[in-house]
Structures are given as C-alpha cells and as structure tokens.
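Visitor: upload.txt is the file, holding compact mmCIF, C-alpha atoms:
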```
# COMPACT_ATOMS: atom_id res chain seq x y z
CA MET A 201 21.46 46.41 50.29
CA ASN A 202 17.67 46.64 50.15
CA CYS A 203 16.13 44.60 47.36
CA ALA A 204 12.75 43.63 45.99
CA ALA A 205 12.28 39.97 45.09
CA LEU A 206 9.83 39.08 42.30
CA ILE A 207 9.51 35.30 42.10
CA ASP A 208 7.72 33.40 39.33
CA LEU A 209 6.86 30.03 40.87
CA GLY A 210 6.03 28.69 37.43
CA ALA A 211 9.60 29.26 36.28
CA ALA A 212 11.45 27.53 39.13
CA LYS A 213 10.93 25.55 42.31
CA VAL A 214 11.53 27.97 45.16
CA SER A 215 11.72 27.33 48.89
CA ALA A 216 12.12 29.62 51.87
CA ILE A 217 15.58 28.14 52.46
CA ALA A 218 16.58 28.94 48.87
CA LEU A 219 15.46 32.55 49.24
CA GLU A 220 17.34 33.00 52.50
CA GLU A 221 20.44 31.54 50.84
CA ALA A 222 19.97 33.94 47.90
CA GLU A 223 19.91 36.87 50.35
CA ARG A 224 23.14 35.64 51.90
CA GLN A 225 24.90 35.26 48.56
CA LEU A 226 23.79 38.66 47.33
CA GLN A 227 24.46 40.28 50.71
CA ALA A 228 21.00 41.77 50.44
CA ARG A 229 17.75 41.99 52.34
CA PHE A 230 14.47 41.35 50.54
CA ASP A 231 12.29 44.18 51.84
CA TYR A 232 9.51 43.46 49.34
CA VAL A 233 8.65 39.99 48.06
CA LYS A 234 5.97 38.90 45.63
CA PHE A 235 5.24 35.42 44.31
CA TYR A 236 3.56 34.90 40.93
CA GLY A 237 1.59 31.76 40.07
CA TYR A 238 0.98 30.94 43.75
CA ASN A 239 -1.08 27.79 44.29
CA ALA A 240 -2.25 27.00 47.81
CA LYS A 241 -1.83 23.23 47.34
CA LYS A 242 1.51 23.27 45.52
CA ASN A 243 3.14 26.14 47.37
CA GLY A 244 1.71 25.79 50.87
CA ASP A 245 5.23 25.24 52.28
CA LEU A 246 5.93 28.91 51.51
CA ASN A 247 3.12 30.17 53.76
CA PRO A 248 5.31 30.67 56.87
CA TYR A 249 7.78 32.69 54.77
CA ILE A 250 4.96 34.68 53.15
CA LYS A 251 3.44 35.45 56.51
CA ALA A 252 6.73 36.35 58.21
CA ASN A 253 7.79 38.69 55.40
CA ASN A 254 4.38 40.18 54.54
CA ALA A 255 4.90 38.91 51.00
CA GLU A 256 2.26 39.29 48.32
CA VAL A 257 1.02 36.57 45.99
CA ALA A 258 -0.52 36.59 42.53
CA LEU A 259 -2.63 33.61 41.50
CA PRO A 260 -1.82 31.62 38.33
CA LEU A 261 -2.97 33.01 35.00
CA HIS A 262 -5.06 30.72 32.82
CA ASN A 263 -3.74 29.94 29.33
CA ARG A 264 -0.34 31.41 30.15
CA LYS A 265 2.64 29.66 28.60
CA LYS A 266 5.10 28.67 31.30
CA THR A 267 8.05 29.53 29.07
CA ARG A 268 6.97 33.18 28.87
CA VAL A 269 7.45 35.96 31.38
CA ASP A 270 4.41 36.80 33.51
CA ILE A 271 3.35 40.27 32.36
CA ARG A 272 2.38 41.15 35.93
CA GLN A 273 5.97 40.57 36.97
CA VAL A 274 7.17 42.96 34.28
CA ILE A 275 4.72 45.67 35.39
CA ASP A 276 5.69 45.28 39.05
CA ALA A 277 9.42 45.31 38.27
CA VAL A 278 9.17 48.56 36.33
CA THR A 279 6.83 50.11 38.91
CA VAL A 280 9.08 49.26 41.87
CA ALA A 281 12.21 50.35 40.00
CA TYR A 282 10.84 53.79 39.15
CA THR A 283 8.74 54.56 42.23
CA ASN A 284 10.58 53.09 45.23
CA PRO A 285 13.81 54.99 45.97
CA SER A 286 14.64 52.78 48.97
CA VAL A 287 15.03 49.74 46.71
CA GLU A 288 18.60 49.44 45.46
CA GLY A 289 18.20 46.26 43.45
CA ILE A 290 15.64 43.79 42.16
CA PHE A 291 16.03 40.02 42.34
CA VAL A 292 13.96 38.18 39.76
CA VAL A 293 13.20 34.52 39.19
CA CYS A 294 11.48 34.36 35.83
CA ALA A 295 11.11 32.52 32.56
CA GLU A 296 14.03 33.43 30.33
CA VAL A 297 12.06 33.76 27.11
CA ASP A 298 11.44 37.48 26.44
CA CYS A 299 12.71 38.61 29.88
CA GLN A 300 15.43 40.88 28.40
CA PRO A 301 13.17 44.00 28.17
CA MET A 302 12.31 43.68 31.88
CA LEU A 303 15.95 43.35 32.91
CA ALA A 304 16.92 46.30 30.72
CA ALA A 305 14.16 48.46 32.20
CA ILE A 306 15.37 47.75 35.73
CA ARG A 307 18.92 48.74 34.80
CA LYS A 308 17.68 51.87 33.02
CA ALA A 309 15.95 52.96 36.23
CA GLY A 310 19.32 52.95 37.97
CA LYS A 311 18.71 49.78 39.97
CA LYS A 312 20.91 46.72 40.20
CA VAL A 313 19.38 43.60 38.73
CA PHE A 314 19.94 40.07 39.98
CA ILE A 315 18.57 36.89 38.45
CA GLY A 316 17.97 33.48 39.96
CA GLY A 317 16.92 30.04 38.77
CA GLU A 318 17.36 26.32 39.16
CA SER A 319 20.48 26.55 36.98
CA GLU A 320 22.82 29.28 35.81
CA SER A 321 20.89 31.85 33.76
CA SER A 322 21.91 32.66 30.21
CA TYR A 323 21.45 36.33 31.19
CA ALA A 324 23.83 36.13 34.16
CA GLU A 325 26.56 38.14 32.41
CA LYS A 326 24.11 40.97 31.70
CA CYS A 327 23.08 41.24 35.37
CA ASP A 328 24.83 42.51 38.48
CA GLY A 329 24.68 39.06 39.98
CA SER A 330 23.05 35.66 39.64
CA VAL A 331 22.04 32.90 42.02
CA VAL A 332 21.49 29.20 41.46
CA LEU A 333 18.69 28.47 43.90
CA ALA A 334 19.54 25.97 46.61
CA LYS A 335 17.76 22.65 46.29
CA THR A 336 16.05 21.45 49.46
CA LEU A 337 15.29 17.93 50.63
CA PRO A 338 12.01 16.43 49.38
CA GLN A 339 9.04 16.93 51.63
CA THR A 340 8.09 14.10 53.98
CA THR A 341 4.97 12.11 53.26
CA ARG A 342 1.80 12.27 55.32
CA GLY A 343 2.63 8.85 56.70
CA ASP A 344 6.01 10.07 57.92
CA VAL A 345 4.38 13.04 59.63
CA ALA A 346 1.75 10.84 61.28
CA ARG A 347 4.37 8.40 62.59
CA ALA A 348 6.52 11.24 63.91
CA ALA A 349 3.51 12.76 65.65
CA ALA A 350 2.64 9.39 67.23
CA ASP A 351 6.22 9.04 68.53
CA VAL A 352 6.03 12.46 70.13
CA ARG A 353 2.70 11.65 71.80
CA GLU A 354 4.16 8.45 73.25
CA GLU A 355 7.17 10.29 74.67
CA LEU A 356 5.06 13.14 76.07
CA PRO A 357 1.76 11.52 77.12
CA HIS A 358 0.81 14.36 79.44
CA SER A 359 1.70 17.25 77.19
CA GLU A 360 -1.00 19.76 76.42
CA PRO A 361 -2.25 19.98 72.85
CA ALA A 362 -0.86 22.89 70.87
CA PRO A 363 -3.23 25.88 70.82
CA LYS A 364 -5.00 26.48 67.55
CA GLU A 365 -4.41 29.70 65.68
CA GLU A 366 -7.21 32.19 66.00
CA GLU A 367 -7.69 32.38 62.28
CA GLU A 368 -6.43 30.54 59.25
CA PHE A 369 -3.65 32.27 57.35
CA LEU A 370 -4.43 33.16 53.76
CA PRO A 371 -1.80 35.00 51.70
CA TYR A 372 -2.68 38.37 50.21
CA THR A 373 -4.03 38.01 46.68
CA GLY A 374 -5.17 41.55 46.00
CA ILE A 375 -8.82 40.56 46.48
CA GLU A 376 -10.46 42.27 49.43
CA PRO A 377 -12.66 40.05 51.67
CA LEU A 378 -16.41 40.62 51.60
CA ASP A 379 -18.56 41.20 54.65
CA ASP A 380 -21.35 38.76 55.57
CA GLU A 381 -24.12 40.82 53.93
CA ARG A 382 -22.25 41.13 50.64
CA MET A 383 -21.36 37.43 50.76
CA ARG A 384 -25.05 36.54 51.14
CA ALA A 385 -25.87 38.79 48.16
CA VAL A 386 -23.19 37.08 46.08
CA GLY A 387 -24.50 33.66 47.11
CA GLU A 388 -28.03 34.65 46.12
CA LYS A 389 -26.84 35.82 42.70
CA LEU A 390 -25.01 32.53 42.21
CA ARG A 391 -28.13 30.54 43.14
CA GLU A 392 -30.19 32.60 40.68
CA ALA A 393 -27.63 31.97 37.96
CA VAL A 394 -27.65 28.22 38.63
CA GLU A 395 -31.46 28.07 38.58
CA GLU A 396 -31.60 30.07 35.36
CA LYS A 397 -29.08 27.73 33.79
CA LYS A 398 -31.17 24.71 34.83
CA MET A 399 -34.33 26.29 33.39
CA ARG A 400 -32.62 27.05 30.10
CA LYS A 401 -31.29 23.51 29.95
CA ARG A 402 -34.77 22.05 30.55
CA ALA A 403 -36.28 24.40 27.96
CA ALA A 404 -33.63 23.43 25.42
CA ALA A 405 -34.26 19.72 26.05
CA LEU A 406 -38.03 20.22 25.64
CA THR A 407 -37.48 22.08 22.37
CA ASP A 408 -35.26 19.29 21.11
CA GLU A 409 -37.95 16.72 21.95
CA LYS A 410 -40.62 18.73 20.08
CA ASP A 411 -38.37 19.08 17.04
CA GLU A 412 -37.64 15.37 17.04
CA LEU A 413 -41.36 14.56 17.30
CA LYS A 414 -42.12 16.84 14.33
CA ARG A 415 -39.36 15.19 12.32
CA LEU A 416 -40.70 11.71 13.01
CA LEU A 417 -44.28 12.71 12.22
CA SER A 418 -43.26 14.26 8.91
CA LYS A 419 -41.15 11.23 8.04
CA TYR A 420 -43.64 8.45 8.77
CA PHE A 421 -47.01 10.14 8.47
```
Translate this structure into structure tokens?
Guide:
Amino acid sequence: MNCAALIDLGAAKVSAIALEEAERQLQARFDYVKFYGYNAKKNGDLNPYIKANNAEVALPLHNRKKTRVDIRQVIDAVTVAYTNPSVEGIFVVCAEVDCQPMLAAIRKAGKKVFIGGESESSYAEKCDGSVVLAKTLPQTTRGDVARAAADVREELPHSEPAPKEEEEFLPYTGIEPLDDERMRAVGEKLREAVEEKKMRKRAAALTDEKDELKRLLSKYF
C-alpha cells in the first residue's frame, strides 16, 4: 500500500527506526514524507532518512502552540488526498487537539487514514490503523563518539581517512537557493539596513540629550 507520511516533530519524538517500524506494522510504503517543525540541531539524526527518501521539511512556526495542529499539515493532507491518486492512505503524526477535521477530510477523499504517536491515540478507533512509535536508544554523547573514533584509529593506524562529501546536505525547505550575484545584493541591502538603524539610533540619542539639556536649563535657569 502506497502512503504519504505527514510528521509533526513538535507533537512526538520521531526517529528513522520508528518510521521504518511504522511501515512494517501498517504493511505500507511511505512514498511521500514531510516533516513539520524541523530543526537542524534537534532533528539532525533524521537527515540520512530525509536524504534517502527525498523527504521535505517545513521549518518551525513562531508563536505556534505545540498542542495545536500545524495548519500546513492540514493543507498538505487535504491536497495529497484529493490530488494524488497513487496514494492509498495517509499516515499522520500530529497534535490531537483539533485534528478531527483533518482526519475526516482524508477519509472523505476516499483515502485510508492512519495515526501515530508516542502513545495510543484517542482517535485510534476512528482511523484505519494506529501505531505507537518505537522508542529508540538515547543518542551517544560527543565524548563517546570521540573515544570510539580513537579506538578505531588505534586498531587501523594505516587506514585512509574517509572521503568528504562534495557538498553539505541541507533538507528541502521550500526556499530556493540564491545565486552569488543575488546573494551579494541581499547582503548589501542588509548592510544598508544595519547602517540606517545605527544612524537612527544615534539621532534618537542626540535628540534625547538635547531634550534633557532643555529640561535642565528650564528647571534651574
């Protein structure tokens, strides 16, 4: 069964292992995957999975309540359900508050709906299936990694260093990269904005000093 997976990282801790286990339990294949609330520092362990599956990411929304459904997830769920005939079902990991309209819309489009989370969802009975996401072992510390690397170097003193990747992997965010000329133009605009801000700040400080001087003169003279 071909499925789309729409994962809100703010609603549950999700790992690549957990997603692969979810596919096994649902007997499905996630042909399209999108992560919402992706943070490069917090979710960097997902990068290999994102890269291998051509997954998309959406950056966190400011001032969004974590207990509420990400509106972007709702829009994508409805869009995929009504426009992608190859998708038979949609697997969602989302905040449970106000998620019922999204689940109902998926079902109305004739798609199966599956829900996942760190614990059994209260909407499990209203879905075609539910998954309690597998919990993985805690990540090792930097010290552990450094010691392991040192042990490997001692055992293989003549091994060649691993080749570096040609370019750093950055997940797709929907923002197209700029060419060098446009980047220079953006940088120039930023410098102008900073200088203008400094000038306004200095002008405001000078005005405050003049006002204070007038106040003192009127008070004592």
Visitor: Grab the CA of Ser215 in chain A to CA of Asp231 in chain A distance for me, in Å with one decimal place.
Guide: 17.1 Å
Visitor: When you count all atoms listed in the file, which of these residues is closest to Ile315 in chain A: A:Ala204, A:Ala334, A:Ile290, A:Met399?
Guide: A:Ile290
Visitor: What does the structure give for the distance between CA of Ala212 in chain A and CA of Val287 in chain A, in Å to one decimal?
Guide: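 Atom-to-atom, CA of Ala212 in chain A and CA of Val287 in chain A are spaced 23.7 Å apart.
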Visitor: Contacts of range 319-321 of chain A at 9 Å or less, counting all atoms listed in the file, minus same-chain residues fewer than 5 places along, as a ChimeraX atom specification?
Guide: /A:296,330-333
Visitor: Figure out the distance between CA of Ile207 in chain A and CA of Thr279 in chain A, please, to one decimal in Å.
Guide: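 Rounded to one decimal, the two atoms are 15.4 Å apart.
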Visitor: Using only C-alpha atoms, which residue out of A:Ala205, A:Leu413, A:Val278, A:Ala393 lies closest to Glu220 in chain A?
Guide: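 When distances to Glu220 in chain A are compared using only C-alpha atoms, the smallest one comes from A:Ala205.
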Visitor: If I put a ball of radius 12 Å at (15.5, 37.8, 27.7) in the file's coordinates, which residues poke into it when counting only C-alpha atoms, written as a count of residues only?
Guide: 23
Visitor: What are the centre and the three edge lengths of an axis-aligned box that wraps all atoms of range 255-269 of chain A in the file, given that 4 Å is added to every side, written as lines of an AutoDock Vina configuration file and rounded to one decimal in Å?
Guide:
```
center_x = 1.5
center_y = 34.0
center_z = 39.8
size_x = 21.1
size_y = 18.6
size_z = 30.4
```
Visitor: From the options A:Val214, A:Ile306, A:Arg402, A:Arg272, which residue's atoms come nearest to Asn284 in chain A, counting all atoms listed in the file?
Guide: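 The shortest atom-to-atom distance to Asn284 in chain A comes from A:Ile306.
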Visitor: Could you name the residues that touch range 242-248 of chain A at 7 Å or less, counting all atoms listed in the file, but leaving out those on the same chain fewer than 3 positions away, as a list in words?
Guide: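 Residues near the query, excluding close chain neighbours: Ser215, Ala216, Tyr238, Asn239, Lys251 and Ala252 of chain A.
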Visitor: Identify which of the residues A:Val233, A:Leu406, A:Ala258, A:Ala218 lies closest to Phe291 in chain A, counting all atoms listed in the file when measuring atom-to-atom distances.
Guide: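 So, comparing all the options, the nearest one is A:Val233.
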Visitor: For Thr283 in chain A, please output as a ChimeraX atom specification all residues within 12 Å (counting all atoms listed in the file; exclusion window: fewer than 5 positions along the same chain).
Guide: /A:275-278,288,306,309-311
Visitor: Taking the block just given, write range 262-347 of chain A to a file that holds C-alpha atoms, as a CSV table (one decimal), in the first residue's frame.
Guide:
```
chain,number,residue,atom,x,y,z
A,262,HIS,CA,6.8,31.1,15.6
A,263,ASN,CA,4.1,31.6,18.2
A,264,ARG,CA,2.5,28.3,17.3
A,265,LYS,CA,1.0,26.3,20.3
A,266,LYS,CA,2.5,22.8,20.4
A,267,THR,CA,-0.8,21.4,21.4
A,268,ARG,CA,-2.5,22.5,18.2
A,269,VAL,CA,-2.3,21.0,14.7
A,270,ASP,CA,0.1,22.7,12.3
A,271,ILE,CA,-2.2,24.3,9.6
A,272,ARG,CA,0.4,23.4,7.0
A,273,GLN,CA,-0.1,19.8,7.8
A,274,VAL,CA,-3.8,20.1,7.3
A,275,ILE,CA,-3.4,21.8,3.9
A,276,ASP,CA,-0.9,19.2,2.7
A,277,ALA,CA,-3.1,16.3,3.9
A,278,VAL,CA,-6.1,17.6,2.1
A,279,THR,CA,-4.1,18.4,-1.0
A,280,VAL,CA,-2.4,15.0,-1.2
A,281,ALA,CA,-5.7,13.2,-0.5
A,282,TYR,CA,-7.6,14.9,-3.3
A,283,THR,CA,-4.8,15.3,-5.9
A,284,ASN,CA,-2.6,12.2,-5.7
A,285,PRO,CA,-4.5,9.1,-6.9
A,286,SER,CA,-1.5,6.8,-6.3
A,287,VAL,CA,-1.7,7.5,-2.6
A,288,GLU,CA,-3.9,4.9,-0.9
A,289,GLY,CA,-3.5,6.1,2.7
A,290,ILE,CA,-2.1,8.9,4.8
A,291,PHE,CA,-0.1,8.4,8.0
A,292,VAL,CA,-0.1,11.4,10.3
A,293,VAL,CA,1.7,12.2,13.5
A,294,CYS,CA,0.1,15.3,14.8
A,295,ALA,CA,-1.2,17.1,17.9
A,296,GLU,CA,-4.5,15.7,18.9
A,297,VAL,CA,-6.2,19.0,19.7
A,298,ASP,CA,-8.4,20.0,16.7
A,299,CYS,CA,-7.1,17.2,14.4
A,300,GLN,CA,-10.5,15.6,13.8
A,301,PRO,CA,-11.4,17.8,10.8
A,302,MET,CA,-8.1,16.8,9.1
A,303,LEU,CA,-8.7,13.1,9.7
A,304,ALA,CA,-12.3,13.4,8.5
A,305,ALA,CA,-11.2,15.2,5.3
A,306,ILE,CA,-8.8,12.4,4.5
A,307,ARG,CA,-11.5,9.8,4.9
A,308,LYS,CA,-13.9,11.8,2.8
A,309,ALA,CA,-11.4,11.8,0.0
A,310,GLY,CA,-11.6,8.1,-0.1
A,311,LYS,CA,-8.2,7.5,1.5
A,312,LYS,CA,-7.3,5.4,4.5
A,313,VAL,CA,-6.1,7.3,7.5
A,314,PHE,CA,-3.5,6.1,10.0
A,315,ILE,CA,-2.4,7.9,13.1
A,316,GLY,CA,0.8,7.6,15.1
A,317,GLY,CA,2.2,8.9,18.3
A,318,GLU,CA,4.3,8.2,21.4
A,319,SER,CA,1.3,6.6,23.0
A,320,GLU,CA,-2.1,5.2,21.8
A,321,SER,CA,-4.1,8.0,20.1
A,322,SER,CA,-7.6,8.8,21.4
A,323,TYR,CA,-8.6,8.9,17.7
A,324,ALA,CA,-7.3,5.3,17.0
A,325,GLU,CA,-10.8,3.9,16.8
A,326,LYS,CA,-11.8,6.5,14.2
A,327,CYS,CA,-8.9,5.6,11.9
A,328,ASP,CA,-8.0,2.6,9.8
A,329,GLY,CA,-5.0,1.9,11.9
A,330,SER,CA,-2.7,3.4,14.6
A,331,VAL,CA,0.9,3.0,15.5
A,332,VAL,CA,2.7,3.6,18.8
A,333,LEU,CA,6.1,4.9,17.6
A,334,ALA,CA,9.0,2.7,18.6
A,335,LYS,CA,11.3,4.3,21.2
A,336,THR,CA,15.0,4.2,20.3
A,337,LEU,CA,18.0,4.2,22.5
A,338,PRO,CA,19.3,7.6,23.6
A,339,GLN,CA,22.0,9.2,21.4
A,340,THR,CA,25.6,8.8,22.4
A,341,THR,CA,27.5,11.8,23.8
A,342,ARG,CA,30.2,13.6,21.9
A,343,GLY,CA,32.7,12.1,24.3
A,344,ASP,CA,31.5,8.5,23.5
A,345,VAL,CA,31.9,9.3,19.8
A,346,ALA,CA,35.4,10.7,20.2
A,347,ARG,CA,36.5,7.7,22.3
```
